>>> print(open('data.txt').read())   # compact mmCIF, C-alpha atoms
# COMPACT_ATOMS: atom_id res chain seq x y z
CA MET A 27 -20.05 -20.54 27.02
CA ASP A 28 -16.37 -19.98 27.79
CA GLU A 29 -14.16 -18.69 24.97
CA LYS A 30 -11.61 -21.34 26.01
CA GLN A 31 -13.94 -23.88 24.42
CA VAL A 32 -13.12 -22.37 21.02
CA THR A 33 -9.90 -23.24 19.18
CA VAL A 34 -8.73 -22.21 15.72
CA GLU A 35 -5.96 -23.78 13.65
CA PRO A 36 -3.78 -22.09 12.50
CA LYS A 37 -4.02 -20.11 15.71
CA THR A 38 -5.67 -16.70 15.48
CA ASP A 39 -7.63 -14.50 17.87
CA VAL A 40 -11.43 -14.85 18.02
CA THR A 41 -14.35 -13.86 20.22
CA ALA A 42 -17.39 -16.06 20.83
CA THR A 43 -20.94 -15.17 21.86
CA VAL A 44 -24.09 -17.25 22.38
CA ALA A 45 -27.65 -16.09 21.70
CA ASP A 46 -30.34 -18.77 22.13
CA SER A 47 -29.16 -21.67 19.96
CA ALA A 48 -26.69 -19.65 17.87
CA ILE A 49 -22.96 -19.47 18.51
CA THR A 50 -21.26 -16.52 16.81
CA ILE A 51 -17.49 -16.63 16.38
CA GLN A 52 -15.78 -13.46 15.20
CA PHE A 53 -12.16 -13.29 14.04
CA THR A 54 -10.33 -10.38 15.62
CA GLY A 55 -6.96 -11.15 14.01
CA ILE A 56 -6.05 -10.81 10.34
CA LEU A 57 -6.33 -13.99 8.29
CA ARG A 58 -3.68 -15.29 5.90
CA TYR A 59 -4.30 -15.70 2.18
CA ASN A 60 -4.73 -19.22 0.73
CA THR A 61 -5.02 -20.81 4.16
CA THR A 62 -7.44 -23.45 5.50
CA TYR A 63 -8.72 -22.61 8.98
CA THR A 64 -10.44 -25.15 11.24
CA VAL A 65 -12.70 -23.90 14.02
CA LYS A 66 -13.66 -26.24 16.87
CA VAL A 67 -16.11 -25.56 19.68
CA ARG A 68 -15.86 -28.18 22.42
CA GLY A 69 -18.40 -29.07 25.06
CA VAL A 70 -21.47 -27.81 23.20
CA GLN A 71 -24.64 -28.89 24.96
CA GLY A 72 -27.97 -29.27 23.17
CA THR A 73 -31.15 -27.51 24.27
CA SER A 74 -33.09 -30.74 24.79
CA GLN A 75 -30.51 -33.05 26.35
CA ASP A 76 -27.43 -33.00 28.56
CA ALA A 77 -25.08 -34.68 26.11
CA THR A 78 -22.20 -32.54 24.78
CA SER A 79 -20.36 -32.65 21.50
CA THR A 80 -17.72 -30.83 19.50
CA LEU A 81 -18.69 -28.62 16.58
CA GLU A 82 -16.14 -28.29 13.78
CA HIS A 83 -16.02 -26.18 10.63
CA SER A 84 -13.25 -25.56 8.09
CA PHE A 85 -12.91 -22.90 5.42
CA THR A 86 -10.19 -21.67 3.07
CA THR A 87 -9.35 -18.00 2.60
CA PRO A 88 -9.10 -16.74 -0.99
CA ASP A 89 -6.02 -15.85 -2.98
CA SER A 90 -5.07 -12.19 -3.46
CA ASP A 91 -4.73 -10.26 -6.71
CA ILE A 92 -1.38 -8.59 -7.27
CA TYR A 93 -0.86 -5.87 -9.87
CA SER A 94 2.42 -4.65 -11.31
CA LEU A 95 3.57 -2.02 -13.79
CA GLN A 96 5.96 -3.03 -16.56
CA ARG A 97 7.62 -0.19 -18.44
CA ASP A 98 9.24 -0.75 -21.80
CA VAL A 99 11.98 1.61 -23.00
CA ARG A 100 12.42 -0.16 -26.33
CA VAL A 101 11.15 1.11 -29.69
CA ASP A 102 9.41 -0.88 -32.39
CA ASP A 103 10.34 -1.18 -36.08
CA ALA A 104 8.54 2.11 -36.79
CA GLY A 105 10.66 3.93 -34.24
CA LEU A 106 7.78 4.30 -31.75
CA LYS A 107 8.17 3.56 -28.07
CA ARG A 108 6.65 0.27 -27.03
CA SER A 109 3.73 0.43 -24.63
CA ASP A 110 3.92 0.09 -20.87
CA THR A 111 1.62 -2.53 -19.34
CA ILE A 112 -0.23 -3.08 -16.07
CA ARG A 113 -0.55 -6.77 -15.28
CA ARG A 114 -2.62 -8.78 -12.80
CA THR A 115 -1.71 -12.08 -11.20
CA THR A 116 -2.16 -13.80 -7.82
CA ILE A 117 0.06 -15.12 -5.05
CA LEU A 118 -0.44 -18.70 -6.26
CA GLY A 119 -0.24 -17.69 -9.92
CA ARG A 120 2.72 -18.13 -12.21
CA GLY A 121 4.68 -15.49 -14.02
CA SER A 122 3.49 -11.90 -14.21
CA GLY A 123 -0.10 -12.66 -15.17
CA GLU A 124 -2.46 -11.10 -17.69
CA ALA A 125 -2.20 -7.65 -19.24
CA VAL A 126 -5.14 -5.48 -18.13
CA PHE A 127 -4.09 -2.10 -19.57
CA SER A 128 -1.44 -0.73 -21.90
CA ALA A 129 -0.42 2.80 -22.93
CA PRO A 130 2.72 4.47 -24.30
CA ARG A 131 3.79 5.97 -20.95
CA ILE A 132 2.12 4.91 -17.70
CA GLN A 133 3.22 6.90 -14.66
CA GLU A 134 1.26 5.11 -11.94
CA TYR A 135 -2.03 3.42 -11.13
CA GLY A 136 -4.36 2.63 -8.25
CA VAL A 137 -6.65 -0.36 -7.69
CA LEU A 138 -10.42 0.10 -7.23
CA ALA A 139 -13.20 -2.45 -6.70
CA ASP A 140 -13.66 -3.29 -10.39
CA ALA A 141 -11.41 -0.80 -12.12
CA LEU A 142 -8.03 0.88 -12.16
CA ALA A 143 -7.25 4.57 -11.92
CA VAL A 144 -4.34 5.20 -14.29
CA VAL A 145 -2.11 8.24 -14.78
CA THR A 146 -0.46 8.47 -18.19
CA ILE A 147 2.05 10.99 -19.56
CA GLY A 148 1.56 12.70 -22.92
CA GLU A 149 4.19 13.79 -25.42
CA ASP A 150 4.06 17.30 -23.92
CA GLU A 151 4.82 15.84 -20.45
CA THR A 152 1.33 16.68 -19.12
CA SER A 153 -0.84 14.12 -17.35
CA SER A 154 -4.06 12.33 -18.16
CA LEU A 155 -6.12 10.43 -15.60
CA GLU A 156 -8.54 7.68 -16.58
CA ILE A 157 -10.73 5.08 -14.93
CA VAL A 158 -10.07 1.76 -16.66
CA SER A 159 -12.76 -0.88 -16.18
CA LEU A 160 -11.65 -4.44 -15.42
CA SER A 161 -14.93 -5.83 -16.74
CA GLY A 162 -14.74 -4.51 -20.29
CA ALA A 163 -16.64 -1.23 -19.95
CA ALA A 164 -15.42 1.90 -21.69
CA GLN A 165 -12.62 3.97 -20.17
CA VAL A 166 -13.74 7.11 -18.34
CA PRO A 167 -11.48 10.19 -18.43
CA VAL A 168 -11.29 12.12 -15.15
CA PRO A 169 -11.56 15.88 -15.84
CA LEU A 170 -8.52 17.88 -14.75
CA PRO A 171 -8.68 21.63 -13.98
CA THR A 172 -6.32 22.48 -16.85
CA GLU A 173 -3.11 21.19 -18.39
CA GLY A 174 -0.73 19.98 -15.73
CA THR A 175 0.73 17.13 -13.73
CA VAL A 176 -0.98 14.49 -11.57
CA LYS A 177 1.03 12.91 -8.76
CA ARG A 178 0.51 10.87 -5.57
CA LEU A 179 -2.44 8.85 -6.83
CA ARG A 180 -4.27 7.08 -3.98
CA THR A 181 -7.39 4.86 -4.02
CA ALA A 182 -10.02 3.77 -1.52
CA ALA A 183 -11.02 0.58 -3.32
CA SER A 184 -14.06 -0.33 -1.22
CA GLU A 185 -15.45 3.21 -1.54
CA ASN A 186 -14.62 3.75 -5.25
CA LEU A 187 -12.77 6.96 -4.41
CA ILE A 188 -9.49 8.30 -5.74
CA ALA A 189 -7.32 11.14 -4.53
CA TYR A 190 -4.32 12.81 -6.13
CA THR A 191 -2.40 16.06 -6.29
CA PHE A 192 -2.45 18.37 -9.29
CA THR A 193 0.02 21.03 -10.44
CA SER A 194 -0.83 23.40 -13.31
CA SER A 195 1.55 23.81 -16.21
CA PRO A 196 3.26 27.24 -16.14
CA THR A 197 1.51 28.36 -19.33
CA ALA A 198 -1.89 26.81 -18.57
CA PRO A 199 -4.87 29.20 -18.43
CA GLY A 200 -7.10 29.62 -15.38
CA PRO A 201 -6.37 29.19 -11.65
CA LYS A 202 -2.92 28.02 -10.66
CA TYR A 203 -2.49 24.86 -8.62
CA ARG A 204 0.64 23.50 -6.98
CA ASP A 205 0.42 20.00 -5.49
CA THR A 206 -3.23 20.69 -4.67
CA PRO A 207 -5.20 17.62 -3.53
CA PHE A 208 -8.34 16.57 -5.38
CA VAL A 209 -10.86 13.80 -4.66
CA TYR A 210 -12.89 12.00 -7.32
CA ASP A 211 -15.95 9.92 -6.42
CA LEU A 212 -16.83 7.42 -9.15
CA ALA A 213 -20.45 7.41 -7.95
CA ALA A 214 -20.89 11.20 -7.91
CA GLY A 215 -23.52 12.50 -10.29
CA SER A 216 -21.47 15.53 -11.30
CA GLY A 217 -18.59 13.47 -12.62
CA LEU A 218 -16.21 16.20 -11.44
CA PRO A 219 -13.35 15.99 -8.94
CA THR A 220 -13.53 18.05 -5.75
CA GLU A 221 -10.69 20.29 -4.65
CA VAL A 222 -9.50 20.00 -1.06
CA ALA A 223 -8.83 23.43 0.43
CA GLY A 224 -6.86 24.48 3.50
CA LEU A 225 -8.09 25.98 6.75
CA ASP A 226 -8.17 29.40 5.07
CA GLY A 227 -10.36 28.11 2.23
CA ARG A 228 -7.59 28.54 -0.33
CA PRO A 229 -6.00 25.73 -2.38
CA MET A 230 -3.59 23.61 -0.35
CA SER A 231 -0.13 22.43 -1.34
CA VAL A 232 0.62 18.99 0.10
CA VAL A 233 3.59 16.64 0.14
CA ASP A 234 1.64 13.45 0.87
CA LEU A 235 -1.84 12.02 1.32
CA ASP A 236 -3.48 8.68 2.02
CA PHE A 237 -6.92 7.15 2.56
CA ILE A 238 -7.72 5.59 5.92
CA PRO A 239 -8.31 1.89 5.05
CA GLY A 240 -11.97 0.97 4.58
CA THR A 241 -13.25 4.54 4.94
CA THR A 242 -13.95 7.70 2.94
CA SER A 243 -11.56 9.68 5.14
CA LEU A 244 -8.31 11.13 3.90
CA VAL A 245 -5.11 12.17 5.65
CA VAL A 246 -3.11 14.97 4.02
CA GLN A 247 0.29 16.43 4.94
CA ALA A 248 0.80 20.07 4.00
CA GLU A 249 4.09 21.65 2.93
CA ASP A 250 4.66 22.97 6.46
CA GLU A 251 4.42 19.34 7.73
CA ASN A 252 1.05 19.87 9.41
CA VAL A 253 -1.12 16.76 9.04
CA PHE A 254 -4.90 16.95 8.68
CA LEU A 255 -7.85 14.59 8.54
CA LEU A 256 -11.00 15.10 6.46
CA ASP A 257 -13.92 13.10 5.09
CA ALA A 258 -13.47 13.03 1.33
CA LEU A 259 -17.24 12.84 0.68
CA LYS A 260 -18.65 15.18 3.32
CA GLU A 261 -15.99 17.86 3.38
CA GLY A 262 -14.56 18.88 0.03
CA LYS A 263 -13.65 22.45 -0.87
CA LYS A 264 -15.54 24.15 1.96
CA GLY A 265 -14.95 21.46 4.55
CA THR A 266 -13.17 21.68 7.87
CA LEU A 267 -9.84 19.94 8.33
CA THR A 268 -9.09 18.21 11.62
CA PRO A 269 -5.47 18.91 12.69
CA LEU A 270 -3.38 15.86 13.65
CA GLY A 271 -0.20 17.72 14.56
CA GLN A 272 3.04 18.51 12.78
CA HIS A 273 5.12 15.55 11.62
CA SER A 274 8.07 15.09 9.28
CA GLU A 275 6.54 12.17 7.38
CA ILE A 276 3.44 10.01 7.17
CA ARG A 277 4.20 6.32 6.62
CA GLY A 278 0.84 4.70 5.96
CA PHE A 279 -1.18 2.50 8.30
CA ILE A 280 -0.51 -0.58 10.41
CA PRO A 281 -2.14 -3.54 8.59
CA GLY A 282 -5.71 -4.20 9.68
CA THR A 283 -5.99 -0.98 11.68
CA LYS A 284 -6.73 2.72 11.38
CA GLU A 285 -3.48 3.60 13.13
CA LEU A 286 -1.46 6.12 11.12
CA VAL A 287 2.32 5.84 11.40
CA VAL A 288 4.15 9.17 11.51
CA ALA A 289 7.86 9.93 11.72
CA ASP A 290 9.77 12.83 13.23
CA PRO A 291 13.51 13.61 13.33
CA THR A 292 14.06 11.93 16.70
CA GLN A 293 11.20 9.44 17.10
CA GLY A 294 8.13 7.99 15.43
CA ALA A 295 4.59 7.53 16.70
CA THR A 296 1.20 6.11 15.78
CA ILE A 297 -2.07 8.03 15.79
CA ASP A 298 -5.21 5.93 16.30
CA LEU A 299 -7.71 7.75 14.09
CA THR A 300 -10.67 6.09 15.80
CA ASP A 301 -10.06 7.99 19.05
CA GLY A 302 -7.03 10.25 18.48
CA THR A 303 -4.68 8.33 20.78
CA VAL A 304 -1.00 9.03 20.09
CA THR A 305 1.51 6.31 20.99
CA VAL A 306 5.22 7.11 20.85
CA LEU A 307 7.25 4.31 19.28
CA ASP A 308 10.15 2.79 21.20
CA LEU A 309 11.48 0.28 18.70
CA ALA A 310 14.07 -2.40 19.43
CA GLU A 311 17.38 -2.25 17.55
CA SER A 312 17.68 -4.23 14.33
CA VAL A 313 20.38 -6.86 13.99
CA LEU A 314 21.94 -4.67 11.25
CA SER A 315 21.67 -1.31 13.03
CA ASP A 316 25.39 -1.09 13.83
CA THR A 317 26.80 -2.56 10.62
CA ALA A 318 24.70 -1.24 7.72
CA TYR A 319 23.04 1.89 6.39
CA PRO A 320 19.36 2.09 7.42
CA GLY A 321 16.62 2.85 4.90
CA GLN A 322 12.86 2.51 4.67
CA LEU A 323 10.97 1.36 7.79
CA VAL A 324 7.49 -0.24 7.81
CA LEU A 325 5.59 -0.92 11.03
CA LEU A 326 3.93 -4.36 10.94
CA ASP A 327 1.74 -4.31 14.06
CA GLY A 328 0.83 -2.30 17.13
CA GLN A 329 3.38 -4.07 19.34
CA GLY A 330 6.44 -2.48 17.74
CA ARG A 331 7.24 -5.19 15.19
CA TYR A 332 8.75 -3.61 12.11
CA ALA A 333 10.56 -4.33 8.85
CA ARG A 334 13.49 -2.23 7.72
CA GLN A 335 15.72 -2.10 4.67
CA PHE A 336 19.50 -1.84 5.08
CA ASP A 337 22.29 -1.43 2.57
CA GLN A 338 25.62 -2.99 3.49
CA GLU A 339 28.94 -3.83 1.87
CA SER A 340 29.25 -7.25 0.31
CA THR A 341 31.69 -9.60 2.03
CA ASP A 342 33.33 -10.34 -1.32
CA THR A 343 33.52 -6.88 -2.89
CA THR A 344 33.18 -3.23 -1.98
CA GLU A 345 29.79 -3.11 -3.71
CA MET A 346 26.58 -2.66 -1.71
CA ILE A 347 23.87 -5.28 -1.24
CA SER A 348 20.46 -4.86 0.37
CA ALA A 349 18.79 -6.72 3.21
CA ILE A 350 15.44 -6.47 4.98
CA THR A 351 15.18 -7.27 8.67
CA VAL A 352 12.16 -7.90 10.88
CA THR A 353 12.54 -6.82 14.49
CA ASP A 354 10.45 -6.89 17.66
CA ASP A 355 11.07 -7.05 21.41
CA ASN A 356 11.96 -10.76 21.11
CA GLY A 357 14.75 -10.29 18.61
CA SER A 358 15.71 -9.41 15.06
CA LYS A 359 16.42 -11.43 11.93
CA ILE A 360 17.19 -10.96 8.25
CA VAL A 361 14.19 -12.12 6.19
CA TYR A 362 15.54 -11.20 2.76
CA GLN A 363 18.87 -10.40 1.18
CA THR A 364 19.55 -9.57 -2.46
CA PRO A 365 21.38 -12.46 -4.14
CA SER A 366 24.32 -10.39 -5.43
CA GLU A 367 25.94 -6.96 -5.40
CA SER A 368 24.33 -6.25 -8.79
CA SER A 369 20.83 -6.01 -7.27
CA ARG A 370 19.35 -3.80 -4.55
CA VAL A 371 16.03 -3.15 -2.83
CA ARG A 372 14.42 0.00 -4.22
CA ASN A 373 11.20 0.03 -2.18
CA PHE A 374 8.93 -2.31 -0.23
CA CYS A 375 5.55 -2.44 1.48
CA VAL A 376 3.45 -4.86 3.49
CA SER A 377 0.37 -6.67 2.17
CA PRO A 378 -3.02 -5.51 3.54
CA ASN A 379 -3.23 -8.56 5.83
CA GLY A 380 0.35 -8.23 7.07
CA GLN A 381 1.38 -11.62 5.66
CA PHE A 382 3.83 -10.60 2.93
CA LEU A 383 6.36 -7.94 2.09
CA ALA A 384 6.40 -6.91 -1.55
CA ALA A 385 9.94 -5.73 -2.33
CA GLU A 386 10.98 -4.00 -5.56
CA ILE A 387 14.38 -5.28 -6.64
CA PHE A 388 16.41 -3.39 -9.23
CA SER A 389 19.60 -4.22 -11.07
CA THR A 390 22.47 -1.78 -10.82
CA ASP A 391 22.95 -2.41 -14.55
CA GLY A 392 19.40 -1.27 -15.35
CA LYS A 393 18.68 1.55 -17.77
CA SER A 394 16.66 4.56 -16.59
CA ASP A 395 13.35 5.24 -18.35
CA SER A 396 13.78 9.01 -17.64
CA TYR A 397 10.10 9.53 -16.82
CA PRO A 398 9.48 12.98 -15.30
CA ASN A 399 7.57 11.49 -12.34
CA LEU A 400 8.18 8.16 -10.62
CA PRO A 401 11.15 7.25 -12.82
CA ALA A 402 12.24 3.63 -12.84
CA THR A 403 14.84 1.38 -14.42
CA THR A 404 14.68 -1.66 -16.64
CA GLY A 405 14.77 -5.09 -15.07
CA LEU A 406 12.70 -4.28 -11.97
CA THR A 407 11.21 -7.29 -10.19
CA ILE A 408 8.76 -7.64 -7.29
CA VAL A 409 9.68 -10.33 -4.75
CA LEU A 410 7.08 -11.55 -2.24
CA ILE A 411 8.48 -12.38 1.20
CA ASP A 412 6.34 -14.46 3.57
CA LEU A 413 6.89 -12.89 6.99
CA GLU A 414 5.97 -16.09 8.84
CA THR A 415 8.00 -18.63 6.89
CA GLY A 416 10.69 -16.39 5.42
CA ALA A 417 10.08 -17.86 1.95
CA SER A 418 10.75 -15.55 -1.01
CA ASN A 419 10.15 -17.87 -3.96
CA ARG A 420 7.47 -15.82 -5.75
CA SER A 421 8.63 -13.04 -8.07
CA ILE A 422 6.76 -10.85 -10.55
CA SER A 423 8.24 -8.76 -13.34
CA GLY A 424 7.72 -5.01 -12.94
CA PHE A 425 7.35 -2.59 -10.06
CA LEU A 426 4.74 -0.57 -8.13
CA PRO A 427 2.79 -3.51 -6.69
CA GLY A 428 -0.88 -2.72 -6.13
CA TRP A 429 -0.47 -3.26 -2.38
CA CYS A 430 1.84 -0.25 -2.13
CA ARG A 431 0.46 3.29 -1.97
>>> encode(input="data.txt", output="structure tokens")
Amino acid sequence: MDEKQVTVEPKTDVTATVADSAITIQFTGILRYNTTYTVKVRGVQGTSQDATSTLEHSFTTPDSDIYSLQRDVRVDDAGLKRSDTIRRTTILGRGSGEAVFSAPRIQEYGVLADALAVVTIGEDETSSLEIVSLSGAAQVPVPLPTEGTVKRLRTAASENLIAYTFTSSPTAPGPKYRDTPFVYDLAAGSGLPTEVAGLDGRPMSVVDLDFIPGTTSLVVQAEDENVFLLDALKEGKKGTLTPLGQHSEIRGFIPGTKELVVADPTQGATIDLTDGTVTVLDLAESVLSDTAYPGQLVLLDGQGRYARQFDQESTDTTEMISAITVTDDNGSKIVYQTPSESSRVRNFCVSPNGQFLAAEIFSTDGKSDSYPNLPATTGLTIVLIDLETGASNRSISGFLPGWCR
């Protein structure tokens, strides 16, 4: 059978193989959420006669959960701070969805298969880390080495793994840690996190870390900008780190791939972690490159298509407004612009399937919550931007969307 006999609407890449009477069609591209796909195979001939026919099958991809963190700086009638809340909704949902967890001060969270990993801040400014079930089971505290601070929480949802960095409080007893990475396996019998050590076997200090999508492997960036790869389950404290070179910044992964995006002072690159191939990026200029101040950059695919935030002066005032452009070798366009000079883009990321950007929009009139880690302001909103249609008519109250690391 020729693959030209197979068509898919909306168009996406597939491969087709035949074994006896079975035709197997495999999607090689990433599918959109909430989309009906129709697969047709023309010219199919039966095993007992020469007549041909067309086989057709349709299916609809599911919606996607979206989480957000809502902080509340107000106090109640008793003078106590009102709780922060993590909420869950969907792309097709309305509003900000249902509350799934609340606590007085929530720093950050990560999404697992059927739970959340949540970092909260106590009155003494030290951290607690808990696994919060989404099915009603009891919360499970994650043991920390001593009193201190948890930062950079990351999750591998399909593997039920979390990673984070830990820094001991100055007066805490026992060994001293400073931005030391730890891994916690929800399925481990010990129930204890595992410290990730450096090449010399001593505790590391890292500035960033991230799980490779769909794996148990972890990328860490040390203070000296050296980047390493390790298997979070097989390696641990006595494991061997695989060097990936020295880079100024790690910027996550291209959607649907295991290609790590890294940045250096003069140029960026991707590292394919399946075979180690390094590809230097030669990105086209954005439509706003010469007229606005560049900010965060997110690579959308392996062909050099990228989204970038810019801040520029409003045409009506001297205030700044934000815009996000999408650029590739065929051109560049603005896909989102804040509606007024009183709002700006704080951060954004791309959805796991590459379909949407989730942009955090803040008001310049917002009030700071003064949290010691990951501080935010009141009035933050998440706007979803469809990269294919340009639509941005879905917004969610809060910040830190679950898609973003």
>>> residues_around(input="data.txt", residues="segment 136-145 of chain A", least_positions_apart="4", cutoff="10 Å", atoms="all atoms listed in the file", output="short mmCIF file (atom, residue, chain, number, x, y, z; two decimals) with C-alpha atoms, in the coordinates of the input")
data_model
loop_
_atom_site.label_atom_id
_atom_site.label_comp_id
_atom_site.auth_asym_id
_atom_site.auth_seq_id
_atom_site.Cartn_x
_atom_site.Cartn_y
_atom_site.Cartn_z
CA ILE A 92 -1.38 -8.59 -7.27
CA TYR A 93 -0.86 -5.87 -9.87
CA ILE A 112 -0.23 -3.08 -16.07
CA VAL A 126 -5.14 -5.48 -18.13
CA PHE A 127 -4.09 -2.10 -19.57
CA ALA A 129 -0.42 2.80 -22.93
CA ARG A 131 3.79 5.97 -20.95
CA ILE A 132 2.12 4.91 -17.70
CA SER A 153 -0.84 14.12 -17.35
CA SER A 154 -4.06 12.33 -18.16
CA LEU A 155 -6.12 10.43 -15.60
CA GLU A 156 -8.54 7.68 -16.58
CA ILE A 157 -10.73 5.08 -14.93
CA VAL A 158 -10.07 1.76 -16.66
CA SER A 159 -12.76 -0.88 -16.18
CA LEU A 160 -11.65 -4.44 -15.42
CA SER A 161 -14.93 -5.83 -16.74
CA GLY A 162 -14.74 -4.51 -20.29
CA ALA A 163 -16.64 -1.23 -19.95
CA GLN A 165 -12.62 3.97 -20.17
CA VAL A 166 -13.74 7.11 -18.34
CA PRO A 167 -11.48 10.19 -18.43
CA VAL A 168 -11.29 12.12 -15.15
CA THR A 175 0.73 17.13 -13.73
CA VAL A 176 -0.98 14.49 -11.57
CA LYS A 177 1.03 12.91 -8.76
CA ARG A 178 0.51 10.87 -5.57
CA LEU A 179 -2.44 8.85 -6.83
CA ARG A 180 -4.27 7.08 -3.98
CA THR A 181 -7.39 4.86 -4.02
CA ALA A 182 -10.02 3.77 -1.52
CA ALA A 183 -11.02 0.58 -3.32
CA SER A 184 -14.06 -0.33 -1.22
CA GLU A 185 -15.45 3.21 -1.54
CA ASN A 186 -14.62 3.75 -5.25
CA LEU A 187 -12.77 6.96 -4.41
CA ILE A 188 -9.49 8.30 -5.74
CA ALA A 189 -7.32 11.14 -4.53
CA LEU A 212 -16.83 7.42 -9.15
CA LEU A 426 4.74 -0.57 -8.13
CA PRO A 427 2.79 -3.51 -6.69
CA GLY A 428 -0.88 -2.72 -6.13
CA TRP A 429 -0.47 -3.26 -2.38
CA CYS A 430 1.84 -0.25 -2.13
CA ARG A 431 0.46 3.29 -1.97
#
>>> residues_around(input="data.txt", residues="Ser396 of chain A", least_positions_apart="6", cutoff="10 Å", atoms="all atoms listed in the file", output="PyMOL selection string")
chain A and resi 99+402-403
>>> closest_residue(input="data.txt", among="A:Leu325, A:Ile56, A:Ala318, A:Val32", to="Arg68 of chain A", atoms="only C-alpha atoms")
A:Val32
>>> closest_atom_pairs(input="data.txt", of="segment 240-345 of chain A", to="segment 198-211 of chain A", cutoff="12 Å", atoms="only C-alpha atoms", output="Markdown table")
| residue | atom | partner | partner_atom | distance |
| --- | --- | --- | --- | --- |
| A:Thr242 | CA | A:Asp211 | CA | 9.8 |
| A:Ser243 | CA | A:Val209 | CA | 10.7 |
| A:Leu244 | CA | A:Val209 | CA | 9.3 |
| A:Val245 | CA | A:Pro207 | CA | 10.7 |
| A:Val246 | CA | A:Pro207 | CA | 8.3 |
| A:Gln247 | CA | A:Pro207 | CA | 10.2 |
| A:Ala248 | CA | A:Asp205 | CA | 9.5 |
| A:Glu249 | CA | A:Asp205 | CA | 9.3 |
| A:Leu256 | CA | A:Val209 | CA | 11.2 |
| A:Asp257 | CA | A:Val209 | CA | 10.2 |
| A:Ala258 | CA | A:Val209 | CA | 6.6 |
| A:Leu259 | CA | A:Asp211 | CA | 7.8 |
| A:Lys260 | CA | A:Val209 | CA | 11.2 |
| A:Glu261 | CA | A:Val209 | CA | 10.4 |
| A:Gly262 | CA | A:Val209 | CA | 7.8 |
| A:Lys263 | CA | A:Phe208 | CA | 9.1 |
>>> residues_around(input="data.txt", residues="Val304 of chain A", least_positions_apart="5", cutoff="12 Å", atoms="all atoms listed in the file", output="NGL selection string")
:A and (270-271 or 285-288 or 294-299 or 328)
>>> residues_near_point(input="data.txt", point="(-3.9, 6.4, 6.3)", cutoff="7 Å", atoms="all atoms listed in the file", output="list in words")
Asp236, Phe237, Ile238, Pro239, Leu244, Val245, Gly278, Phe279, Lys284 and Leu286 of chain A
>>> residues_near_point(input="data.txt", point="(11.4, -3.3, -3.7)", cutoff="7 Å", atoms="only C-alpha atoms", output="list in words")
Val371, Arg372, Asn373, Phe374, Ala384, Ala385, Glu386, Ile387 and Ile408 of chain A
>>> residues_around(input="data.txt", residues="Gln363 of chain A", least_positions_apart="2", cutoff="7 Å", atoms="all atoms listed in the file", output="list in words")
Ser348, Ala349, Ile350 and Pro365 of chain A
>>> residues_around(input="data.txt", residues="Glu367 of chain A", least_positions_apart="2", cutoff="6 Å", atoms="all atoms listed in the file", output="list in words")
Glu345, Met346, Ile347 and Ser369 of chain A
>>> write_last_selection(input="data.txt", atoms="C-alpha atoms", output="mmCIF file, in the frame of the given file")
data_model
loop_
_atom_site.group_PDB
_atom_site.id
_atom_site.type_symbol
_atom_site.label_atom_id
_atom_site.label_comp_id
_atom_site.auth_asym_id
_atom_site.auth_seq_id
_atom_site.Cartn_x
_atom_site.Cartn_y
_atom_site.Cartn_z
ATOM 1 C CA GLU A 345 29.790 -3.110 -3.710
ATOM 2 C CA MET A 346 26.580 -2.660 -1.710
ATOM 3 C CA ILE A 347 23.870 -5.280 -1.240
ATOM 4 C CA SER A 369 20.830 -6.010 -7.270
#
>>> atom_distance(input="data.txt", atom1="atom CA of Val44 of chain A", atom2="atom CA of Val67 of chain A")
11.8 Å
>>> atom_distance(input="data.txt", atom1="atom CA of Ile147 of chain A", atom2="atom CA of Asp234 of chain A")
20.6 Å
>>> atom_distance(input="data.txt", atom1="atom CA of Thr407 of chain A", atom2="atom CA of Thr152 of chain A")
27.4 Å
>>> closest_residue(input="data.txt", among="A:Asp355, A:Glu82, A:Glu134, A:Asp110", to="Leu400 of chain A", atoms="only C-alpha atoms")
A:Glu134
>>> closest_residue(input="data.txt", among="A:Leu383, A:Leu323, A:Val253, A:Val313", to="Ser358 of chain A", atoms="only C-alpha atoms")
A:Val313
>>> closest_residue(input="data.txt", among="A:Gly416, A:Gly105, A:Gly55, A:Pro219", to="Phe382 of chain A", atoms="all atoms listed in the file")
A:Gly416
>>> decode(input="data.txt", residues="segment 168-173 of chain A", atoms="N, CA and C atoms", output="PDB file, in the first residue's frame")
ATOM      1  N   VAL A 168       5.996  15.193  52.013  1.00  0.00           N
ATOM      2  CA  VAL A 168       7.287  14.726  51.499  1.00  0.00           C
ATOM      3  C   VAL A 168       8.354  15.140  52.511  1.00  0.00           C
ATOM      4  N   PRO A 169       9.122  14.188  53.052  1.00  0.00           N
ATOM      5  CA  PRO A 169      10.138  14.537  54.058  1.00  0.00           C
ATOM      6  C   PRO A 169      11.229  15.428  53.463  1.00  0.00           C
ATOM      7  N   LEU A 170      11.564  16.476  54.168  1.00  0.00           N
ATOM      8  CA  LEU A 170      12.663  17.349  53.779  1.00  0.00           C
ATOM      9  C   LEU A 170      13.838  17.115  54.715  1.00  0.00           C
ATOM     10  N   PRO A 171      15.074  17.362  54.259  1.00  0.00           N
ATOM     11  CA  PRO A 171      16.254  17.051  55.082  1.00  0.00           C
ATOM     12  C   PRO A 171      16.253  17.764  56.435  1.00  0.00           C
ATOM     13  N   THR A 172      15.770  18.983  56.445  1.00  0.00           N
ATOM     14  CA  THR A 172      15.725  19.801  57.655  1.00  0.00           C
ATOM     15  C   THR A 172      14.846  21.000  57.353  1.00  0.00           C
ATOM     16  N   GLU A 173      14.843  22.002  58.217  1.00  0.00           N
ATOM     17  CA  GLU A 173      14.110  23.219  57.902  1.00  0.00           C
ATOM     18  C   GLU A 173      14.810  23.949  56.762  1.00  0.00           C
TER      19      GLU A 173
END
